[in-house]
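Shown here: work-v3.txt, compact mmCIF, N, CA and C atoms and all ligand atoms.
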```txt
# COMPACT_ATOMS: atom_id res chain seq x y z
N MET O 1 101.63 66.31 87.51
CA MET O 1 100.44 66.97 88.02
C MET O 1 100.77 67.63 89.36
N VAL O 2 100.18 68.77 89.55
CA VAL O 2 100.37 69.47 90.81
C VAL O 2 99.04 69.53 91.54
N ARG O 3 99.02 69.08 92.78
CA ARG O 3 97.79 69.14 93.58
C ARG O 3 97.97 70.19 94.66
N TYR O 4 96.93 70.95 94.84
CA TYR O 4 96.95 71.95 95.90
C TYR O 4 96.00 71.49 97.00
N ILE O 5 96.54 71.31 98.18
CA ILE O 5 95.68 70.93 99.30
C ILE O 5 95.90 71.92 100.45
N CYS O 6 94.85 72.04 101.26
CA CYS O 6 94.97 72.87 102.45
C CYS O 6 95.73 72.08 103.50
N ARG O 7 96.79 72.68 104.02
CA ARG O 7 97.59 71.93 105.00
C ARG O 7 96.99 71.99 106.39
N HIS O 8 95.89 72.69 106.53
CA HIS O 8 95.22 72.74 107.83
C HIS O 8 94.06 71.74 107.87
N CYS O 9 93.15 71.80 106.91
CA CYS O 9 91.97 70.93 106.94
C CYS O 9 92.03 69.81 105.91
N GLY O 10 93.02 69.85 105.02
CA GLY O 10 93.17 68.78 104.05
C GLY O 10 92.29 68.90 102.83
N ARG O 11 91.54 69.98 102.73
CA ARG O 11 90.65 70.16 101.60
C ARG O 11 91.45 70.33 100.32
N ARG O 12 90.98 69.71 99.26
CA ARG O 12 91.66 69.87 97.97
C ARG O 12 91.27 71.19 97.34
N MET O 13 92.26 71.95 96.97
CA MET O 13 92.02 73.28 96.43
C MET O 13 91.97 73.25 94.91
N GLY O 14 92.59 72.26 94.32
CA GLY O 14 92.61 72.21 92.87
C GLY O 14 93.84 71.48 92.39
N GLN O 15 93.97 71.42 91.10
CA GLN O 15 95.14 70.76 90.55
C GLN O 15 95.52 71.35 89.22
N PHE O 16 96.75 71.10 88.84
CA PHE O 16 97.29 71.60 87.59
C PHE O 16 97.86 70.41 86.85
N ASP O 17 97.39 70.17 85.65
CA ASP O 17 97.82 68.99 84.89
C ASP O 17 99.10 69.28 84.12
N GLY O 18 100.14 69.44 84.86
CA GLY O 18 101.42 69.70 84.20
C GLY O 18 102.54 69.49 85.21
N ASP O 19 103.72 69.80 84.78
CA ASP O 19 104.89 69.64 85.63
C ASP O 19 104.92 70.75 86.68
N TRP O 20 105.33 70.40 87.87
CA TRP O 20 105.36 71.41 88.94
C TRP O 20 106.40 72.48 88.66
N ARG O 21 107.32 72.20 87.75
CA ARG O 21 108.35 73.20 87.43
C ARG O 21 107.89 74.20 86.38
N GLU O 22 106.61 74.03 85.93
CA GLU O 22 106.05 74.99 84.97
C GLU O 22 106.30 76.41 85.50
N PRO O 23 106.97 77.24 84.71
CA PRO O 23 107.32 78.58 85.21
C PRO O 23 106.13 79.41 85.65
N ALA O 24 104.98 79.20 85.00
CA ALA O 24 103.80 80.00 85.34
C ALA O 24 103.33 79.78 86.76
N LEU O 25 103.67 78.63 87.33
CA LEU O 25 103.23 78.34 88.70
C LEU O 25 104.09 79.05 89.74
N GLY O 26 105.32 79.37 89.37
CA GLY O 26 106.19 80.09 90.29
C GLY O 26 106.77 79.25 91.40
N LEU O 27 106.56 77.94 91.35
CA LEU O 27 107.04 77.10 92.46
C LEU O 27 108.56 76.97 92.47
N THR O 28 109.16 77.03 91.30
CA THR O 28 110.62 76.90 91.25
C THR O 28 111.30 78.15 91.78
N GLY O 29 110.53 79.23 91.93
CA GLY O 29 111.09 80.46 92.46
C GLY O 29 111.19 80.46 93.97
N LEU O 30 110.62 79.44 94.59
CA LEU O 30 110.68 79.37 96.05
C LEU O 30 112.09 79.04 96.51
N LYS O 31 112.41 79.53 97.70
CA LYS O 31 113.70 79.17 98.27
C LYS O 31 113.69 77.69 98.63
N GLN O 32 114.88 77.15 98.76
CA GLN O 32 115.01 75.73 99.08
C GLN O 32 114.20 75.35 100.33
N GLU O 33 114.31 76.14 101.37
CA GLU O 33 113.60 75.80 102.60
C GLU O 33 112.10 75.96 102.44
N GLU O 34 111.67 76.87 101.57
CA GLU O 34 110.24 77.03 101.31
C GLU O 34 109.72 75.82 100.53
N GLN O 35 110.51 75.36 99.58
CA GLN O 35 110.10 74.17 98.83
C GLN O 35 109.96 72.98 99.76
N GLU O 36 110.89 72.86 100.70
CA GLU O 36 110.83 71.73 101.62
C GLU O 36 109.62 71.82 102.54
N GLU O 37 109.21 73.04 102.84
CA GLU O 37 108.09 73.22 103.76
C GLU O 37 106.74 73.09 103.07
N PHE O 38 106.63 73.60 101.86
CA PHE O 38 105.32 73.69 101.23
C PHE O 38 105.11 72.71 100.08
N LEU O 39 106.20 72.09 99.63
CA LEU O 39 106.09 71.20 98.48
C LEU O 39 106.42 69.77 98.87
N GLU O 40 105.67 68.84 98.28
CA GLU O 40 106.04 67.44 98.38
C GLU O 40 106.18 66.94 96.96
N ILE O 41 107.40 66.63 96.59
CA ILE O 41 107.66 66.15 95.24
C ILE O 41 107.64 64.63 95.26
N ASP O 42 106.92 64.03 94.33
CA ASP O 42 106.87 62.57 94.37
C ASP O 42 108.13 61.97 93.75
N ASP O 43 108.22 60.65 93.81
CA ASP O 43 109.45 59.99 93.40
C ASP O 43 109.81 60.21 91.94
N SER O 44 108.80 60.43 91.11
CA SER O 44 109.07 60.64 89.69
C SER O 44 109.71 62.00 89.44
N GLY O 45 109.52 62.91 90.36
CA GLY O 45 110.05 64.25 90.18
C GLY O 45 109.17 65.15 89.36
N HIS O 46 108.07 64.60 88.84
CA HIS O 46 107.20 65.40 87.98
C HIS O 46 105.96 65.90 88.69
N ASP O 47 105.51 65.14 89.67
CA ASP O 47 104.28 65.50 90.37
C ASP O 47 104.62 66.09 91.73
N ALA O 48 103.77 67.00 92.15
CA ALA O 48 104.02 67.63 93.44
C ALA O 48 102.70 67.94 94.13
N THR O 49 102.76 67.97 95.44
CA THR O 49 101.64 68.44 96.23
C THR O 49 102.06 69.74 96.89
N VAL O 50 101.22 70.75 96.73
CA VAL O 50 101.52 72.04 97.32
C VAL O 50 100.60 72.23 98.52
N LYS O 51 101.21 72.45 99.66
CA LYS O 51 100.44 72.57 100.90
C LYS O 51 100.24 74.04 101.23
N ILE O 52 99.00 74.45 101.11
CA ILE O 52 98.67 75.85 101.35
C ILE O 52 97.51 75.90 102.34
N LEU O 53 97.00 77.08 102.56
CA LEU O 53 95.82 77.22 103.40
C LEU O 53 94.65 77.66 102.54
N CYS O 54 93.49 77.02 102.75
CA CYS O 54 92.32 77.39 101.97
C CYS O 54 91.69 78.67 102.54
N ASP O 55 90.71 79.18 101.83
CA ASP O 55 90.11 80.45 102.26
C ASP O 55 89.45 80.34 103.63
N ARG O 56 89.00 79.14 103.98
CA ARG O 56 88.37 78.98 105.29
C ARG O 56 89.38 78.99 106.42
N CYS O 57 90.57 78.50 106.14
CA CYS O 57 91.57 78.39 107.19
C CYS O 57 92.49 79.59 107.28
N LEU O 58 92.49 80.38 106.24
CA LEU O 58 93.33 81.58 106.29
C LEU O 58 92.82 82.51 107.38
N PRO O 59 93.71 83.01 108.19
CA PRO O 59 93.30 83.93 109.26
C PRO O 59 92.93 85.31 108.72
N VAL O 60 93.35 85.61 107.53
CA VAL O 60 93.07 86.92 106.95
C VAL O 60 92.56 86.72 105.53
N PRO O 61 91.89 87.72 104.96
CA PRO O 61 91.41 87.57 103.58
C PRO O 61 92.54 87.23 102.63
N TRP O 62 92.18 86.52 101.59
CA TRP O 62 93.16 86.06 100.62
C TRP O 62 94.03 87.21 100.13
N ASP O 63 95.34 86.93 100.11
CA ASP O 63 96.28 87.92 99.61
C ASP O 63 97.40 87.15 98.93
N ASP O 64 97.77 87.56 97.74
CA ASP O 64 98.80 86.85 97.00
C ASP O 64 100.10 86.71 97.78
N ASN O 65 100.37 87.69 98.62
CA ASN O 65 101.62 87.66 99.37
C ASN O 65 101.55 86.73 100.57
N LEU O 66 100.37 86.21 100.83
CA LEU O 66 100.20 85.38 102.03
C LEU O 66 99.78 83.96 101.68
N TRP O 67 99.94 83.59 100.41
CA TRP O 67 99.47 82.27 99.99
C TRP O 67 100.13 81.16 100.77
N TYR O 68 101.32 81.41 101.31
CA TYR O 68 102.06 80.34 101.97
C TYR O 68 101.82 80.31 103.47
N ASN O 69 100.94 81.16 103.97
CA ASN O 69 100.72 81.22 105.41
C ASN O 69 100.19 79.88 105.95
ZN ZN S 1 91.48 74.52 105.06
```
Can you dump the structure from the file as C-alpha cells?
Ligand SMILES: [Zn+2]
Amino acid sequence: MVRYICRHCGRRMGQFDGDWREPALGLTGLKQEEQEEFLEIDDSGHDATVKILCDRCLPVPWDDNLWYN
C-alpha cells in the first residue's frame, strides 16, 4: 500500500492499495536521492509513504511538475 501524506501539515492525501513500484505511480522513475527524500519504504519493501505537499501547503497552484515541492 502506498500512503500519500503532506510533509508539511501531516494531512493524509490518499492511498493506493498496491505496490509502490506499480509503474502507473511513477515512483520508481524517481532518482535515488529523490526516493530517499520523498519516499519511506517500510521493512517489507512493499509499502511506502510518499511525502508531498497538500493543496493548502503548496505555495503555488497545483502543478504536476511541482508535486514534489
Ligand atoms: Zn499540508
Which of O:Cys54, O:Leu30, O:Ala48, O:Leu25 sits closest to Arg12 (chain O) [using all atoms listed in the file]: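 Distance minimum relative to Arg12 (chain O) lands on O:Cys54.
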Nearest candidate to ligand ZN 1 (chain S) (options O:Glu34, O:Asp47, O:Leu39, O:Gly10; using only N, CA and C atoms and all ligand atoms): O:Gly10
Between CA of Lys31 (chain O) and CA of Met13 (chain O), distance in Å (one decimal):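 Atom-to-atom, CA of Lys31 (chain O) to CA of Met13 (chain O), that is 22.5 Å.
Here CA of Arg11 (chain O) is placed at a distance of 14.8 Å from atom C of Phe38 (chain O).
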Environment of ligand ZN 1 (chain S) within 6 Å, counting only N, CA and C atoms and all ligand atoms, reported as a list of chain:residue names: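 I would give the residues around ligand ZN 1 (chain S) as O:Cys6, O:Arg7, O:His8, O:Cys9, O:Gly10, O:Arg11, O:Leu53, O:Cys54, O:Asp55, O:Arg56, O:Cys57.
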Picked from chain O by DSSP as helix (DSSP H, G or I), as a list of chain:residue names: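 Selection result, helix (DSSP H, G or I) within chain O: O:Pro23, O:Ala24, O:Leu25, O:Leu27, O:Thr28, O:Gly29, O:Gln32, O:Glu33, O:Glu34, O:Gln35, O:Glu36, O:Glu37, O:Phe38, O:Asp64, O:Asn65, O:Leu66.
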Between atom N of Pro59 (chain O) and CA of Trp20 (chain O) - distance in Å to one decimal: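 Here the two named atoms are 25.3 Å from each other.
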Counting all atoms listed in the file, the residue of O:Glu22, O:Val50, O:Leu27, O:Asp43 that sits nearest Val2 (chain O):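 Using all atoms listed in the file, Val2 (chain O) sits closest to O:Val50.
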Which of region 5-51 of chain O fall in strand (DSSP E or B), as a list in words: Ile5, Cys6, Arg12, Met13, Gly14, Gln15, Phe16, Leu39, Glu40, Ile41, Ala48, Thr49, Val50 and Lys51 of chain O
Residue with smallest distance to Tyr4 (chain O) - pool O:Phe16, O:Gly45, O:Gly26, O:Gln35, counting only C-alpha atoms: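 Looking only at the distances to Tyr4 (chain O), the closest residue turns out to be O:Phe16.
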